[in-house]
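> Just so it is clear, I am handing over run_17.txt, which has compact mmCIF, C-alpha atoms.
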```txt
# COMPACT_ATOMS: atom_id res chain seq x y z
CA MET C 1 -7.72 -22.15 -36.26
CA THR C 2 -8.90 -20.67 -32.94
CA THR C 3 -12.63 -19.99 -32.62
CA ARG C 4 -14.34 -17.72 -30.13
CA THR C 5 -17.88 -17.72 -28.76
CA VAL C 6 -20.33 -16.02 -31.10
CA PHE C 7 -23.14 -15.42 -28.57
CA SER C 8 -22.72 -14.29 -24.97
CA ARG C 9 -25.06 -13.22 -22.15
CA SER C 10 -22.31 -11.22 -20.47
CA GLN C 11 -20.38 -8.30 -21.91
CA PRO C 12 -17.37 -9.59 -23.85
CA SER C 13 -13.94 -8.64 -22.66
CA PRO C 14 -12.09 -7.16 -24.36
CA TRP C 15 -14.88 -5.20 -26.04
CA THR C 16 -14.54 -4.39 -29.76
CA GLU C 17 -16.74 -2.69 -32.34
CA ASP C 18 -17.35 -6.10 -33.93
CA TYR C 19 -20.02 -6.82 -31.31
CA ALA C 20 -23.69 -5.92 -31.67
CA VAL C 21 -25.98 -5.68 -28.64
CA LEU C 22 -29.47 -7.17 -29.02
CA GLY C 23 -32.36 -7.17 -26.58
CA GLY C 24 -32.17 -5.57 -23.14
CA ARG C 25 -29.38 -3.01 -23.34
CA PRO C 26 -27.63 -1.72 -20.23
CA ASP C 27 -29.05 1.55 -18.92
CA ALA C 28 -26.41 4.27 -18.78
CA SER C 29 -27.72 5.36 -15.38
CA SER C 30 -27.35 1.95 -13.76
CA SER C 31 -24.98 -0.96 -14.17
CA GLU C 32 -27.83 -3.35 -13.30
CA ALA C 33 -30.85 -1.94 -15.15
CA ALA C 34 -31.59 -2.85 -18.75
CA VAL C 35 -33.67 -1.13 -21.43
CA PRO C 36 -35.85 -3.62 -23.36
CA GLU C 37 -36.10 -3.36 -27.12
CA THR C 38 -39.39 -2.26 -28.68
CA ASP C 39 -41.42 -3.27 -31.73
CA ALA C 40 -40.79 0.24 -33.06
CA GLU C 41 -37.06 -0.47 -33.13
CA LEU C 42 -37.55 -3.85 -34.76
CA GLY C 43 -39.96 -2.43 -37.32
CA PHE C 44 -37.44 0.28 -38.23
CA ALA C 45 -34.71 -2.36 -38.56
CA PHE C 46 -36.77 -4.54 -40.93
CA ARG C 47 -37.78 -1.48 -42.94
CA THR C 48 -34.17 -0.26 -43.19
CA ALA C 49 -32.99 -3.71 -44.26
CA ALA C 50 -35.63 -3.73 -47.00
CA ASP C 51 -34.50 -0.33 -48.30
CA LEU C 52 -30.84 -1.37 -48.31
CA LEU C 53 -31.59 -4.61 -50.14
CA ALA C 54 -33.69 -2.74 -52.70
CA GLU C 55 -30.76 -0.42 -53.35
CA ARG C 56 -28.45 -3.41 -53.70
CA TRP C 57 -30.84 -5.00 -56.19
CA LYS C 58 -30.99 -1.80 -58.26
CA GLU C 59 -27.19 -1.70 -58.52
CA ASP C 60 -26.88 -4.81 -60.69
CA ARG C 61 -30.38 -6.43 -60.94
CA GLU C 62 -28.78 -9.84 -61.24
CA ASP C 63 -30.59 -11.54 -58.38
CA ASP C 64 -34.34 -10.95 -58.24
CA SER C 65 -34.63 -13.19 -55.18
CA LEU C 66 -33.41 -10.17 -53.20
CA VAL C 67 -36.76 -8.54 -53.96
CA LEU C 68 -38.50 -11.43 -52.22
CA VAL C 69 -36.60 -10.55 -49.05
CA VAL C 70 -37.47 -6.86 -49.57
CA LEU C 71 -41.16 -7.78 -49.67
CA TYR C 72 -40.90 -9.99 -46.60
CA ASN C 73 -39.02 -7.40 -44.54
CA TYR C 74 -41.52 -4.69 -45.40
CA ARG C 75 -44.41 -7.04 -44.73
CA HIS C 76 -43.08 -7.81 -41.26
CA ALA C 77 -42.37 -4.14 -40.57
CA LEU C 78 -45.96 -3.31 -41.50
CA GLU C 79 -47.26 -6.06 -39.23
CA LEU C 80 -45.24 -4.70 -36.30
CA GLY C 81 -46.43 -1.16 -37.01
CA LEU C 82 -50.09 -2.16 -37.21
CA LYS C 83 -49.89 -4.12 -33.97
CA MET C 84 -48.22 -1.23 -32.14
CA VAL C 85 -51.02 1.15 -33.16
CA LEU C 86 -53.73 -1.38 -32.30
CA ARG C 87 -52.30 -2.11 -28.85
CA ALA C 88 -52.17 1.61 -28.12
CA LEU C 89 -55.75 2.09 -29.32
CA VAL C 90 -57.03 -0.81 -27.23
CA ALA C 91 -55.32 0.61 -24.13
CA SER C 92 -56.79 4.10 -24.72
CA ILE C 93 -60.30 2.81 -25.35
CA LYS C 94 -60.24 0.65 -22.23
CA PHE C 95 -59.01 3.66 -20.25
CA GLU C 96 -62.20 5.50 -21.22
CA VAL C 97 -64.55 2.72 -20.10
CA THR C 98 -66.58 3.62 -17.02
CA PRO C 99 -65.63 1.47 -14.03
CA GLY C 100 -67.92 -1.55 -13.82
CA GLU C 101 -68.77 -1.46 -17.53
CA ALA C 102 -67.36 -3.78 -20.19
CA PRO C 103 -65.43 -2.32 -23.15
CA PRO C 104 -66.96 -2.72 -26.62
CA GLU C 105 -66.85 -6.33 -27.82
CA ILE C 106 -64.55 -5.49 -30.73
CA VAL C 107 -62.00 -4.01 -28.32
CA ASP C 108 -61.79 -7.20 -26.27
CA LYS C 109 -61.63 -9.25 -29.46
CA VAL C 110 -58.73 -7.24 -30.86
CA GLY C 111 -56.85 -7.35 -27.58
CA LYS C 112 -57.08 -11.14 -27.47
CA LYS C 113 -56.39 -11.77 -31.16
CA LEU C 114 -53.34 -9.55 -31.71
CA ALA C 115 -50.76 -12.04 -30.50
CA HIS C 116 -52.16 -14.76 -32.75
CA THR C 117 -52.95 -12.79 -35.90
CA HIS C 118 -50.36 -12.28 -38.64
CA GLN C 119 -52.69 -11.41 -41.52
CA LEU C 120 -52.27 -7.81 -42.62
CA SER C 121 -55.81 -7.44 -43.94
CA VAL C 122 -57.24 -8.60 -40.59
CA LEU C 123 -55.08 -6.08 -38.73
CA THR C 124 -56.13 -3.19 -40.99
CA ASP C 125 -59.78 -4.21 -40.62
CA TYR C 126 -59.36 -3.95 -36.85
CA LEU C 127 -57.77 -0.53 -37.27
CA VAL C 128 -60.63 0.72 -39.44
CA GLN C 129 -63.08 -0.31 -36.71
CA LEU C 130 -61.18 1.18 -33.77
CA THR C 131 -59.83 4.52 -35.03
CA PRO C 132 -63.27 6.21 -35.38
CA MET C 133 -63.81 5.74 -31.64
CA PHE C 134 -61.39 8.64 -31.17
CA ARG C 135 -62.28 10.47 -34.39
CA MET C 136 -59.10 9.25 -36.03
CA GLY C 137 -58.61 7.67 -39.41
CA LEU C 138 -56.16 5.58 -41.39
CA GLN C 139 -54.56 7.98 -43.86
CA GLY C 140 -53.21 7.12 -47.31
CA ASP C 141 -53.54 3.69 -48.86
CA VAL C 142 -52.29 1.64 -45.91
CA LYS C 143 -55.29 -0.66 -46.13
CA ALA C 144 -55.08 -0.98 -49.93
CA LEU C 145 -51.39 -1.93 -49.78
CA CYS C 146 -51.91 -4.37 -46.92
CA ASP C 147 -54.84 -5.97 -48.75
CA GLU C 148 -52.63 -6.42 -51.83
CA MET C 149 -49.88 -8.00 -49.76
CA HIS C 150 -52.42 -10.22 -48.02
CA ALA C 151 -53.68 -11.47 -51.38
CA LEU C 152 -50.09 -12.11 -52.41
CA ASP C 153 -49.20 -13.92 -49.18
CA PRO C 154 -51.88 -14.26 -46.47
CA SER C 155 -49.64 -15.71 -43.76
CA GLY C 156 -46.17 -14.50 -44.78
CA GLN C 157 -45.03 -18.05 -45.52
CA ALA C 158 -44.88 -17.64 -49.30
CA LEU C 159 -42.34 -14.84 -48.91
CA ARG C 160 -40.12 -17.09 -46.80
CA TYR C 161 -40.07 -20.37 -48.70
CA SER C 162 -40.00 -21.69 -52.25
CA MET C 163 -42.48 -24.47 -51.33
CA ILE C 164 -45.50 -24.05 -49.05
CA LYS C 165 -48.46 -26.10 -47.86
CA GLY C 166 -51.35 -26.11 -50.29
CA GLN C 167 -54.90 -27.41 -49.99
CA GLY C 168 -55.15 -30.82 -48.42
CA GLY C 169 -51.73 -30.49 -46.82
CA THR C 170 -49.86 -31.04 -50.08
CA THR C 171 -46.64 -29.14 -50.78
CA VAL C 172 -46.83 -26.76 -53.72
CA PRO C 173 -44.56 -24.09 -55.23
CA ALA C 174 -44.98 -20.72 -53.53
CA ARG C 175 -44.78 -18.96 -56.90
CA PRO C 176 -45.88 -21.36 -59.65
CA LEU C 177 -46.30 -18.44 -62.08
CA PRO C 178 -44.08 -15.36 -62.59
CA LEU C 179 -44.77 -12.41 -60.32
CA TYR C 180 -43.73 -9.03 -61.69
CA VAL C 181 -42.95 -6.42 -59.04
CA ASP C 182 -42.57 -2.67 -59.65
CA VAL C 183 -39.91 -2.32 -56.97
CA PRO C 184 -39.59 1.51 -56.80
CA GLU C 185 -43.39 1.90 -56.66
CA PHE C 186 -43.66 -0.72 -53.93
CA ILE C 187 -40.93 0.98 -51.87
CA ARG C 188 -42.70 4.34 -52.29
CA ARG C 189 -46.09 3.01 -51.22
CA ALA C 190 -44.68 0.96 -48.35
CA GLY C 191 -42.76 3.99 -47.09
CA GLU C 192 -45.92 6.12 -47.19
CA ALA C 193 -47.83 3.41 -45.34
CA HIS C 194 -45.23 3.38 -42.58
CA THR C 195 -45.34 7.17 -42.35
CA ALA C 196 -49.13 7.06 -42.00
CA LEU C 197 -48.86 4.50 -39.20
CA ASP C 198 -46.18 6.59 -37.47
CA LEU C 199 -48.44 9.66 -37.60
CA LEU C 200 -51.37 7.69 -36.23
CA LEU C 201 -49.24 6.35 -33.38
CA ASP C 202 -48.11 9.90 -32.59
CA GLN C 203 -51.78 10.94 -32.37
CA ILE C 204 -52.58 8.10 -29.99
CA THR C 205 -49.51 8.87 -27.88
CA ASP C 206 -50.69 12.49 -27.54
CA LEU C 207 -54.15 11.19 -26.66
CA GLN C 208 -52.73 8.94 -23.94
CA ASP C 209 -50.80 11.86 -22.45
CA SER C 210 -54.07 13.79 -22.23
CA GLN C 211 -55.89 10.82 -20.75
CA HIS C 212 -53.37 10.46 -17.95
CA ASN C 213 -53.46 14.20 -17.27
CA LEU C 214 -57.23 14.67 -17.37
CA GLY C 215 -58.51 11.29 -16.22
CA PRO C 216 -61.11 8.88 -17.68
CA ASP C 217 -64.22 10.02 -19.54
CA TYR C 218 -62.61 13.24 -20.80
CA ALA C 219 -63.11 12.12 -24.42
CA ARG C 220 -66.84 11.69 -23.88
CA GLN C 221 -67.07 15.13 -22.29
CA ARG C 222 -65.55 16.64 -25.43
CA THR C 223 -68.17 15.07 -27.76
```
Rewrite the coordinates I just gave you, this time as structure tokens.

Amino acid sequence: MTTRTVFSRSQPSPWTEDYAVLGGRPDASSSEAAVPETDAELGFAFRTAADLLAERWKEDREDDSLVLVVLYNYRHALELGLKMVLRALVASIKFEVTPGEAPPEIVDKVGKKLAHTHQLSVLTDYLVQLTPMFRMGLQGDVKALCDEMHALDPSGQALRYSMIKGQGGTTVPARPLPLYVDVPEFIRRAGEAHTALDLLLDQITDLQDSQHNLGPDYARQRT
């Protein structure tokens, strides 16, 4: 049986619809330029995969392990969404800082911690502290849902493995007791949480447009 290369850094020839393009995609305006992927795209992909798997599970309900993957995909999509909003907030707050002055301590802390933090409750706590600086708020029950998921799986490892590290470095079952999940209710709440984050990001994007048009300190002049 003849095998062909599965992964390639150059465009396959001949091209067929069997190929997917990941990462930097060629720009239509230039044969050399590439358009990098964004966390927004990845978050949408994880969220879509979760929805499709949930539908598959509802069709026959024979394999509840699919729900574990639904939870993980939504958890990761939420993490990406929270980090996108936080990065945008940090950038906008720093833009408003008077030259020569230091930004608020929490802003520097969030900026440094984002790449190393995967705990949803920590990310929502950051968001609750930063959004009031621009008279914004976290709508819906984003924080409540993220806190519940954090309690279920603080680091995301329990949703990926059957065995995880316990206290003292010992290996223990990730789910020693049954966990009952109301799948439709979870999908509803997770979808609303994503919508709330999308709306918040839209607000910050509008804010950044105004900042670039009007210059620093405009927010203080409005207060």
> What's around Glu192 in chain C at 9 Å? Count only C-alpha atoms, leave out sequence neighbours fewer than 6 positions away in its own chain, and write the answer as a PyMOL selection string.
chain C and resi 140-142
> Would you list the contacts of Leu127 in chain C as a VMD selection string, taking every protein, DNA or RNA residue within 9 Å and counting only C-alpha atoms, but skipping same-chain residues closer than 6 positions in sequence?
chain C and resid 82 85 to 86 89 137 to 138
> Select, from C:Ala45, C:Val35, C:Met133, C:Ala151, the residue with the minimum atom-to-atom distance to Glu96 in chain C, counting all atoms listed in the file.
C:Met133
> Nearest to Gln203 in chain C among C:Met136, C:Ala54, C:Val69, C:Ile187, with distances taken over all atoms listed in the file: which residue is it?
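The answer is C:Met136, which sits nearest to Gln203 in chain C.
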> State, in Å with one decimal place, the distance from CA of Glu148 in chain C to CA of Asp108 in chain C.
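So the answer is 27.2 Å.
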> Here is a test: counting all atoms listed in the file, which residue of C:Lys83, C:Arg175, C:His150, C:Arg61 is nearest to Gly111 in chain C?
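Among the listed residues, the smallest separation from Gly111 in chain C belongs to C:Lys83.
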> Pick from C:Ala20, C:Leu68, C:Ser10, C:Leu120: nearest to Arg160 in chain C, with only C-alpha atoms counted?
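The shortest atom-to-atom distance to Arg160 in chain C comes from C:Leu68.
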> Could you pull the residues within 8 Å of Gly81 in chain C, counting only C-alpha atoms, minus those fewer than 3 positions along the same chain, as a PDB file with C-alpha atoms, in the coordinates of the input?

```pdb
ATOM      1  CA  ASP C  39     -41.420  -3.270 -31.730  1.00  0.00           C
ATOM      2  CA  ALA C  40     -40.790   0.240 -33.060  1.00  0.00           C
ATOM      3  CA  GLY C  43     -39.960  -2.430 -37.320  1.00  0.00           C
ATOM      4  CA  ALA C  77     -42.370  -4.140 -40.570  1.00  0.00           C
ATOM      5  CA  LEU C  78     -45.960  -3.310 -41.500  1.00  0.00           C
ATOM      6  CA  MET C  84     -48.220  -1.230 -32.140  1.00  0.00           C
ATOM      7  CA  VAL C  85     -51.020   1.150 -33.160  1.00  0.00           C
ATOM      8  CA  HIS C 194     -45.230   3.380 -42.580  1.00  0.00           C
ATOM      9  CA  LEU C 197     -48.860   4.500 -39.200  1.00  0.00           C
ATOM     10  CA  ASP C 198     -46.180   6.590 -37.470  1.00  0.00           C
TER      11      ASP C 198
END
```
